[in-house]
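*Asks:* File name upload.cif; file contents mmCIF, C-alpha atoms (C1' of nucleotides) and all ligand atoms; full text below.
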```cif
data_final
#
loop_
_atom_site.label_atom_id
_atom_site.label_comp_id
_atom_site.auth_asym_id
_atom_site.auth_seq_id
_atom_site.Cartn_x
_atom_site.Cartn_y
_atom_site.Cartn_z
CA MET A 566 74.01 66.67 96.84
CA ASN A 567 74.43 69.80 94.81
CA THR A 568 71.65 72.27 95.30
CA PRO A 569 70.80 74.26 92.21
CA LEU A 570 72.76 77.19 93.66
CA ASP A 571 75.94 75.31 94.41
CA THR A 572 77.88 75.64 91.23
CA SER A 573 81.25 75.11 92.86
CA ARG A 574 81.68 71.55 91.72
CA ASP A 575 80.99 71.87 88.03
CA ARG A 576 81.77 75.53 87.57
CA PRO A 577 84.51 76.16 90.07
CA PHE A 578 85.32 79.64 88.87
CA SER A 579 81.84 81.09 88.66
CA GLN A 580 82.17 83.04 91.90
CA THR A 581 85.37 84.71 90.85
CA LEU A 582 84.13 85.07 87.30
CA ARG A 583 81.21 87.19 88.39
CA ARG A 584 83.38 89.31 90.64
CA LEU A 585 85.80 89.99 87.81
CA LYS A 586 83.01 90.81 85.41
CA ASP A 587 81.44 93.20 87.91
CA ALA A 588 84.79 94.89 88.39
CA GLY A 589 85.37 95.21 84.65
CA LEU A 590 88.45 93.01 84.74
CA ARG A 591 89.07 90.41 82.08
CA PRO A 592 88.85 86.90 83.41
CA THR A 593 92.33 85.75 82.58
CA ARG A 594 93.74 82.43 83.69
CA GLN A 595 95.85 84.18 86.34
CA ARG A 596 93.07 86.31 87.79
CA LEU A 597 90.70 83.38 87.92
CA ALA A 598 93.22 81.22 89.71
CA LEU A 599 94.21 83.92 92.20
CA GLY A 600 90.61 84.96 92.74
CA LYS A 601 89.73 81.38 93.53
CA LEU A 602 92.52 81.15 96.09
CA LEU A 603 91.49 84.44 97.63
CA PHE A 604 87.72 84.40 97.61
CA ASP A 605 86.74 80.74 97.91
CA ALA A 606 88.04 80.32 101.43
CA GLY A 607 86.40 82.91 103.63
CA ASP A 608 88.18 86.04 104.79
CA ARG A 609 91.84 86.06 103.96
CA HIS A 610 94.76 88.37 104.71
CA VAL A 611 97.77 87.87 102.49
CA THR A 612 100.98 89.53 101.45
CA ALA A 613 102.14 89.41 97.86
CA GLU A 614 104.92 86.97 98.69
CA GLN A 615 102.54 84.68 100.57
CA LEU A 616 100.08 84.55 97.72
CA HIS A 617 102.88 83.96 95.25
CA ALA A 618 104.20 81.06 97.30
CA GLU A 619 100.74 79.61 97.75
CA ALA A 620 100.01 79.79 94.04
CA GLY A 621 103.36 78.20 93.28
CA SER A 622 102.78 75.36 95.70
CA LYS A 623 99.49 74.60 93.97
CA GLY A 624 101.03 74.47 90.55
CA ILE A 625 99.66 77.82 89.44
CA LYS A 626 102.40 79.54 87.49
CA VAL A 627 102.11 83.32 87.98
CA SER A 628 104.85 85.92 88.08
CA LEU A 629 105.35 88.06 91.14
CA ALA A 630 104.65 91.14 89.01
CA THR A 631 101.24 89.72 88.20
CA ILE A 632 100.58 89.02 91.87
CA TYR A 633 101.22 92.69 92.59
CA ASN A 634 99.19 93.84 89.60
CA THR A 635 96.30 91.65 90.60
CA LEU A 636 96.27 92.59 94.27
CA ASN A 637 96.40 96.26 93.34
CA GLN A 638 93.66 95.93 90.72
CA PHE A 639 91.46 93.95 93.10
CA THR A 640 92.00 96.64 95.71
CA GLU A 641 91.33 99.51 93.32
CA SER A 642 88.11 97.95 92.18
CA GLY A 643 86.89 97.33 95.70
CA LEU A 644 87.22 93.55 95.72
CA MET A 645 89.88 93.75 98.44
CA ARG A 646 91.41 96.31 100.69
CA GLU A 647 94.84 97.06 102.03
CA VAL A 648 95.78 96.83 105.71
CA VAL A 649 98.86 98.52 107.09
CA VAL A 650 100.30 96.80 110.13
CA ALA A 651 104.02 96.51 109.59
CA PRO A 652 106.51 98.77 107.91
CA GLY A 653 107.78 97.50 104.60
CA ARG A 654 105.08 94.94 103.93
CA SER A 655 101.59 95.32 102.51
CA TYR A 656 98.71 93.10 103.51
CA TYR A 657 95.64 92.62 101.35
CA ASP A 658 92.30 91.70 102.86
CA THR A 659 89.41 89.95 101.15
CA ASN A 660 87.02 91.34 103.74
CA THR A 661 86.00 94.76 102.47
CA GLU A 662 83.56 95.49 105.27
CA ASP A 663 84.40 98.06 107.89
CA HIS A 664 86.31 96.06 110.49
CA HIS A 665 89.41 95.89 112.63
CA HIS A 666 92.28 93.49 113.23
CA PHE A 667 94.30 91.40 115.58
CA PHE A 668 97.91 91.32 114.48
CA TYR A 669 100.08 88.49 115.77
CA GLU A 670 103.51 90.03 115.92
CA ASP A 671 105.11 86.61 116.30
CA ASP A 672 104.18 85.19 112.94
CA GLY A 673 102.88 88.28 111.16
CA SER A 674 99.36 86.94 110.70
CA LEU A 675 96.14 88.94 110.80
CA LYS A 676 92.70 88.02 112.08
CA ASP A 677 89.49 89.97 111.80
CA ILE A 678 87.95 91.38 114.92
CA PRO A 679 84.21 90.71 114.74
CA HIS A 680 82.77 94.11 113.99
CA ASP A 681 80.50 94.15 117.01
CA ALA A 682 83.29 93.11 119.36
CA ILE A 683 84.87 96.53 119.34
CA ALA A 684 83.47 100.00 119.56
CA LEU A 685 84.93 103.44 119.68
CA SER A 686 83.29 105.83 122.05
CA ALA A 687 84.14 109.50 122.03
CA MET A 688 85.59 109.83 118.58
CA PRO A 689 87.55 113.05 118.49
CA ASP A 690 86.40 115.68 116.07
CA ALA A 691 88.27 115.61 112.85
CA PRO A 692 90.18 118.87 112.51
CA GLU A 693 88.68 121.66 110.42
CA ASP A 694 88.70 121.12 106.68
CA ALA A 695 89.53 117.45 106.99
CA GLU A 696 87.25 114.48 107.02
CA VAL A 697 87.62 110.98 108.31
CA ALA A 698 88.39 108.58 105.50
CA ARG A 699 88.69 105.50 107.65
CA VAL A 700 89.46 104.39 111.18
CA ASP A 701 91.80 101.46 111.74
CA VAL A 702 92.17 99.67 115.03
CA ILE A 703 95.08 97.24 115.29
CA VAL A 704 95.29 95.10 118.38
CA ARG A 705 98.86 93.85 118.49
CA LEU A 706 99.27 90.49 120.16
CA CYS A 707 102.25 88.61 121.40
CA ARG A 708 102.55 85.08 122.65
CA ALA A 709 101.34 84.99 126.22
CA VAL A 710 103.71 84.05 128.98
CA ASP A 711 102.59 80.58 129.98
CA ASN A 712 101.86 81.04 133.66
CA GLN A 713 98.89 78.76 134.01
CA SER A 714 101.13 75.82 134.81
CA GLN A 715 100.39 75.33 138.51
CA MET B 306 113.91 135.81 133.46
CA ASN B 307 115.55 132.45 133.98
CA THR B 308 114.17 130.52 136.87
CA PRO B 309 116.66 128.22 138.53
CA LEU B 310 115.06 125.35 136.64
CA ASP B 311 115.27 126.87 133.20
CA THR B 312 118.62 125.77 131.97
CA SER B 313 117.71 125.98 128.32
CA ARG B 314 119.46 129.25 127.69
CA ASP B 315 122.86 128.59 129.08
CA ARG B 316 122.92 124.80 128.86
CA PRO B 317 120.88 124.09 125.76
CA PHE B 318 121.59 120.37 125.72
CA SER B 319 120.92 119.55 129.34
CA GLN B 320 117.50 118.06 128.62
CA THR B 321 118.81 115.72 125.99
CA LEU B 322 121.95 115.07 127.96
CA ARG B 323 119.99 113.69 130.88
CA ARG B 324 117.83 111.57 128.60
CA LEU B 325 120.88 110.07 126.95
CA LYS B 326 122.56 109.41 130.26
CA ASP B 327 119.44 107.72 131.61
CA ALA B 328 119.27 105.58 128.49
CA GLY B 329 122.91 104.62 128.74
CA LEU B 330 123.77 106.23 125.43
CA ARG B 331 126.94 108.26 125.01
CA PRO B 332 126.23 111.92 124.48
CA THR B 333 127.84 112.29 121.10
CA ARG B 334 127.63 115.43 119.03
CA GLN B 335 125.14 113.74 116.68
CA ARG B 336 122.84 112.37 119.37
CA LEU B 337 122.81 115.65 121.24
CA ALA B 338 121.92 117.59 118.12
CA LEU B 339 119.21 115.16 117.03
CA GLY B 340 117.86 114.85 120.56
CA LYS B 341 117.58 118.61 120.73
CA LEU B 342 115.65 118.72 117.45
CA LEU B 343 113.38 115.93 118.60
CA PHE B 344 112.74 116.63 122.26
CA ASP B 345 112.91 120.39 122.61
CA ALA B 346 109.80 121.07 120.57
CA GLY B 347 106.92 119.16 122.08
CA ASP B 348 105.56 115.99 120.55
CA ARG B 349 107.01 115.20 117.17
CA HIS B 350 106.43 112.54 114.53
CA VAL B 351 109.21 112.17 112.01
CA THR B 352 110.49 109.85 109.36
CA ALA B 353 114.20 109.24 108.96
CA GLU B 354 114.32 111.24 105.74
CA GLN B 355 112.48 114.16 107.33
CA LEU B 356 114.82 114.31 110.29
CA HIS B 357 117.82 114.03 107.99
CA ALA B 358 116.58 116.92 105.88
CA GLU B 359 115.78 119.01 108.94
CA ALA B 360 119.21 118.42 110.42
CA GLY B 361 120.83 119.26 107.11
CA SER B 362 118.89 122.49 106.77
CA LYS B 363 120.11 123.55 110.21
CA GLY B 364 123.73 122.91 109.41
CA ILE B 365 123.95 119.72 111.43
CA LYS B 366 126.01 117.28 109.43
CA VAL B 367 124.81 113.73 110.15
CA SER B 368 124.75 110.75 107.85
CA LEU B 369 121.49 109.02 107.04
CA ALA B 370 122.88 105.83 108.59
CA THR B 371 123.31 107.69 111.86
CA ILE B 372 119.76 109.02 111.65
CA TYR B 373 118.53 105.43 111.41
CA ASN B 374 120.87 104.23 114.15
CA THR B 375 119.77 107.03 116.43
CA LEU B 376 116.05 106.66 115.86
CA ASN B 377 116.32 102.93 116.45
CA GLN B 378 118.41 103.35 119.58
CA PHE B 379 116.08 106.02 120.94
CA THR B 380 113.17 103.67 120.27
CA GLU B 381 114.86 100.64 121.83
CA SER B 382 115.66 102.59 124.95
CA GLY B 383 112.14 103.90 125.32
CA LEU B 384 112.84 107.53 124.44
CA MET B 385 110.65 107.27 121.33
CA ARG B 386 108.29 104.83 119.75
CA GLU B 387 107.49 103.69 116.26
CA VAL B 388 104.14 104.27 114.57
CA VAL B 389 103.05 102.27 111.55
CA VAL B 390 100.70 104.15 109.25
CA ALA B 391 101.96 103.70 105.73
CA PRO B 392 103.64 100.81 104.00
CA GLY B 393 107.29 101.35 103.25
CA ARG B 394 107.90 104.21 105.65
CA SER B 395 108.58 104.25 109.39
CA TYR B 396 107.47 107.07 111.64
CA TYR B 397 109.08 107.76 114.99
CA ASP B 398 107.17 109.47 117.77
CA THR B 399 108.62 111.44 120.67
CA ASN B 400 105.43 110.88 122.65
CA THR B 401 105.89 107.56 124.40
CA GLU B 402 102.60 107.68 126.28
CA ASP B 403 99.77 105.40 125.29
CA HIS B 404 97.95 107.40 122.62
CA HIS B 405 96.47 107.35 119.15
CA HIS B 406 96.82 109.26 115.90
CA PHE B 407 95.29 111.29 113.15
CA PHE B 408 97.03 110.54 109.89
CA TYR B 409 96.68 113.11 107.11
CA GLU B 410 96.87 111.02 103.99
CA ASP B 411 97.40 114.12 101.85
CA ASP B 412 100.74 115.16 103.24
CA GLY B 413 101.68 112.14 105.32
CA SER B 414 101.72 113.99 108.62
CA LEU B 415 100.68 112.64 112.01
CA LYS B 416 98.99 114.32 114.94
CA ASP B 417 98.34 112.96 118.39
CA ILE B 418 94.79 112.34 119.44
CA PRO B 419 94.42 113.61 122.99
CA HIS B 420 94.28 110.44 125.05
CA ASP B 421 90.96 111.28 126.62
CA ALA B 422 89.36 112.13 123.29
CA ILE B 423 89.06 108.53 122.24
CA ALA B 424 88.00 105.42 124.09
CA LEU B 425 87.53 101.84 123.14
CA SER B 426 84.52 100.14 124.58
CA ALA B 427 84.03 96.43 124.29
CA MET B 428 87.56 95.37 123.65
CA PRO B 429 87.40 91.86 122.23
CA ASP B 430 89.08 89.15 124.25
CA ALA B 431 92.55 88.40 123.09
CA PRO B 432 92.63 84.87 121.77
CA GLU B 433 93.88 82.12 124.07
CA ASP B 434 97.59 82.06 124.69
CA ALA B 435 98.11 85.52 123.29
CA GLU B 436 98.20 88.81 125.09
CA VAL B 437 97.65 92.36 123.97
CA ALA B 438 100.93 94.13 123.46
CA ARG B 439 99.45 97.40 122.28
CA VAL B 440 96.38 98.85 120.63
CA ASP B 441 96.77 101.38 117.84
CA VAL B 442 93.99 103.53 116.52
CA ILE B 443 94.69 105.40 113.31
CA VAL B 444 92.11 107.91 112.14
CA ARG B 445 92.87 108.50 108.48
CA LEU B 446 91.92 111.94 107.26
CA CYS B 447 91.58 113.42 103.85
CA ARG B 448 91.06 116.98 102.79
CA ALA B 449 87.39 117.82 103.18
CA VAL B 450 85.33 118.68 100.15
CA ASP B 451 84.73 122.39 100.45
CA ASN B 452 80.95 122.58 100.36
CA GLN B 453 80.40 125.49 102.71
CA SER B 454 80.52 127.96 99.82
CA GLN B 455 76.88 129.09 99.59
"C1'" DG C 1217 90.20 84.62 61.45
"C1'" DG C 1218 92.23 89.32 62.13
"C1'" DG C 1219 92.66 93.57 64.43
"C1'" DT C 1220 92.61 95.71 68.74
"C1'" DT C 1221 93.19 96.28 73.31
"C1'" DG C 1222 94.28 94.63 77.73
"C1'" DT C 1223 97.39 91.37 80.35
"C1'" DT C 1224 101.46 88.90 81.72
"C1'" DT C 1225 106.26 88.51 82.24
"C1'" DG C 1226 111.37 88.72 83.48
"C1'" DG C 1227 114.30 91.81 84.53
"C1'" DA C 1228 115.68 96.46 85.55
"C1'" DA C 1229 114.79 100.24 88.47
"C1'" DC C 1230 113.44 102.27 92.73
"C1'" DA C 1231 112.71 103.44 97.73
"C1'" DG C 1232 113.46 102.68 102.39
"C1'" DT C 1233 116.33 100.40 105.54
"C1'" DT C 1234 120.17 97.70 107.28
"C1'" DC C 1235 124.81 96.10 107.08
"C1'" DC C 1236 129.77 96.62 106.84
"C1'" DA C 1237 134.49 97.73 107.87
"C1'" DA C 1238 137.31 101.59 108.39
"C1'" DA C 1239 137.86 106.07 110.57
"C1'" DC C 1240 136.75 108.52 114.51
"C1'" DT C 1241 135.49 109.87 119.42
"C1'" DA C 1242 134.05 109.44 124.25
"C1'" DT C 1243 135.38 107.18 128.41
"C1'" DT C 1244 138.36 105.10 131.73
"C1'" DG C 1245 141.81 104.64 134.74
"C1'" DA C 1246 146.98 104.79 135.01
"C1'" DT D 1430 147.30 113.97 130.91
"C1'" DC D 1431 147.44 110.28 128.03
"C1'" DA D 1432 147.07 105.87 126.24
"C1'" DA D 1433 144.13 101.86 125.67
"C1'" DT D 1434 139.53 100.48 125.04
"C1'" DA D 1435 134.98 100.30 123.81
"C1'" DG D 1436 131.35 102.57 121.49
"C1'" DT D 1437 129.95 105.59 117.44
"C1'" DT D 1438 129.79 107.48 112.86
"C1'" DT D 1439 130.17 107.12 108.01
"C1'" DG D 1440 129.83 106.20 102.86
"C1'" DG D 1441 128.78 102.89 100.24
"C1'" DA D 1442 127.26 98.25 99.35
"C1'" DA D 1443 123.64 95.09 100.16
"C1'" DC D 1444 118.98 93.89 100.92
"C1'" DT D 1445 113.79 93.87 100.77
"C1'" DG D 1446 109.50 94.95 99.04
"C1'" DT D 1447 107.37 97.17 95.24
"C1'" DT D 1448 106.86 99.37 90.76
"C1'" DC D 1449 108.16 100.10 86.06
"C1'" DC D 1450 109.19 98.67 81.38
"C1'" DA D 1451 108.85 96.87 76.79
"C1'" DA D 1452 108.11 92.70 74.48
"C1'" DA D 1453 105.35 88.51 74.15
"C1'" DC D 1454 100.87 86.94 74.76
"C1'" DA D 1455 95.76 86.32 75.36
"C1'" DA D 1456 90.97 87.94 75.53
"C1'" DC D 1457 87.59 90.30 73.01
"C1'" DC D 1458 84.89 91.92 69.14
"C1'" DC D 1459 83.79 92.14 64.70
MN MN A 1501 99.24 99.60 96.65
MN MN A 1502 113.10 99.65 113.51
ZN ZN A 1503 90.34 91.85 107.74
ZN ZN A 1504 102.06 110.40 118.68
#
```
Show me this structure written as structure tokens.
Ligand SMILES: [Mn+2]
Ligand SMILES: [Mn+2]
Ligand SMILES: [Zn+2]
Ligand SMILES: [Zn+2]
*Replies:*
Amino acid sequence: MNTPLDTSRDRPFSQTLRRLKDAGLRPTRQRLALGKLLFDAGDRHVTAEQLHAEAGSKGIKVSLATIYNTLNQFTESGLMREVVVAPGRSYYDTNTEDHHHFFYEDDGSLKDIPHDAIALSAMPDAPEDAEVARVDVIVRLCRAVDNQSQ
Amino acid sequence: MNTPLDTSRDRPFSQTLRRLKDAGLRPTRQRLALGKLLFDAGDRHVTAEQLHAEAGSKGIKVSLATIYNTLNQFTESGLMREVVVAPGRSYYDTNTEDHHHFFYEDDGSLKDIPHDAIALSAMPDAPEDAEVARVDVIVRLCRAVDNQSQ
DNA sequence: GGGTTGTTTGGAACAGTTCCAAACTATTGA
DNA sequence: TCAATAGTTTGGAACTGTTCCAAACAACCC
């Protein structure tokens, strides 16, 4: 069933391995394990604590300091990016494309907004001697009042 | 020079006083002083530390705990609102209208984007059973490279 | 293998914010 | 006007998320 390109069964870390190599980061046991969690499952948005708990629950023993180191190194080398949605908690995003987010205030989860599903018209001019580094749109959601009964 | 409506000279706290009364907050010395700093100077975006320092530099003696209490109470009663732009630091905004922000990453300052200077077209549908509580647009700015010499 | 350099780690330190209980103050209504 | 009451302020302790540190460890390169 494996096509020649599907190396995930026999070489489960090859995806992450290449990413690390490209970023100039040594493929340590910890980085490989975390990279696998992060990159092998589509777009993910995690906090340090969440990733730490997830690793722990899968038997991967990594210190919280290493979680922070890794998320920051992945971010610095362009493998991930940071999303700011709540004070006092950093989210890290495996989707590095230009895109925006739904933020579920109830459970603190993030979801990508398909990049063609939102558009800014009439961007204001950036003030003199400043340039736009990035534009973030956060659509904050709360649980809807259930008024479809009846 | 004073019109009948300009009570700022002889009753410098009347603006804040009415706001506090409307919000059901007792007009204490601290709240009046902070309200004056916040509301008598157009739209402002402050962190707790900033407001504390500003008060201090004007001889207003208020504890940091009271700064936090006051900003939170003002926010809860709709006199201000919170803006999330950086992890680990809360900004409070005296402009409670629906609007967006420029964020100067260099010095951490915020500036309102005139509400007609930006528009979202093609808002994505909020997922089932969730509703949009608020939409925040943050335009992150950095100092422009000065390449107009020559 | 051995030397070197980069990485991981637990724990201490740090920053921003909230909590606490005691002192204080605005309000109320006799 | 003056308690009694309820709400507010305060310094310091506690708490949370994150970074820093120095020692142990692991990857890399000869
Ligand atoms: Mn960071
Ligand atoms: Mn708050
Ligand atoms: Zn995303
Ligand atoms: Zn604003």
*Asks:* Return the neighbours of chain A among the residues of chain D, cut-off 12 Å, counting all atoms listed in the file, as a PyMOL selection string.
*Replies:* chain D and resi 1445-1450+1454-1457
*Asks:* Taking only C-alpha atoms (C1' of nucleotides) into account, find every residue of chain C that has an atom no more than 12 Å from chain A, and write it out as a ChimeraX atom specification.
*Replies:* /C:1221-1227,1231-1233
*Asks:* Work out how far CA of Leu599 in chain A is from CA of Thr635 in chain A, in Å to one decimal.
*Replies:* 8.2 Å
*Asks:* Let me make sure I understand: among B:Phe407, B:Ala449, B:Ile418, B:Ala391, which one has the smallest atom-to-atom distance to ligand MN 1501 (chain A) if we use all atoms listed in the file?
*Replies:*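 With all atoms listed in the file as the atom set, the closest residue is B:Ala391.
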*Asks:* Neighbours of ligand MN 1502 (chain A) at 8 Å or closer, counting all atoms listed in the file: which residues, as an MDAnalysis selection string?
*Replies:* chainID B and resid 376:377 380 387 395
*Asks:* With C-alpha atoms retained, write the just-selected residues as a PDB file, in the coordinates of the input.
*Replies:*
```pdb
ATOM      1  CA  LEU B 376     116.050 106.660 115.860  1.00  0.00           C
ATOM      2  CA  ASN B 377     116.320 102.930 116.450  1.00  0.00           C
ATOM      3  CA  THR B 380     113.170 103.670 120.270  1.00  0.00           C
ATOM      4  CA  GLU B 387     107.490 103.690 116.260  1.00  0.00           C
ATOM      5  CA  SER B 395     108.580 104.250 109.390  1.00  0.00           C
TER       6      SER B 395
END
```
*Asks:* For CA of Phe639 in chain A and CA of Val442 in chain B, quote the distance in Å rounded to one decimal.
*Replies:*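 Between CA of Phe639 in chain A and CA of Val442 in chain B the gap is 25.4 Å.
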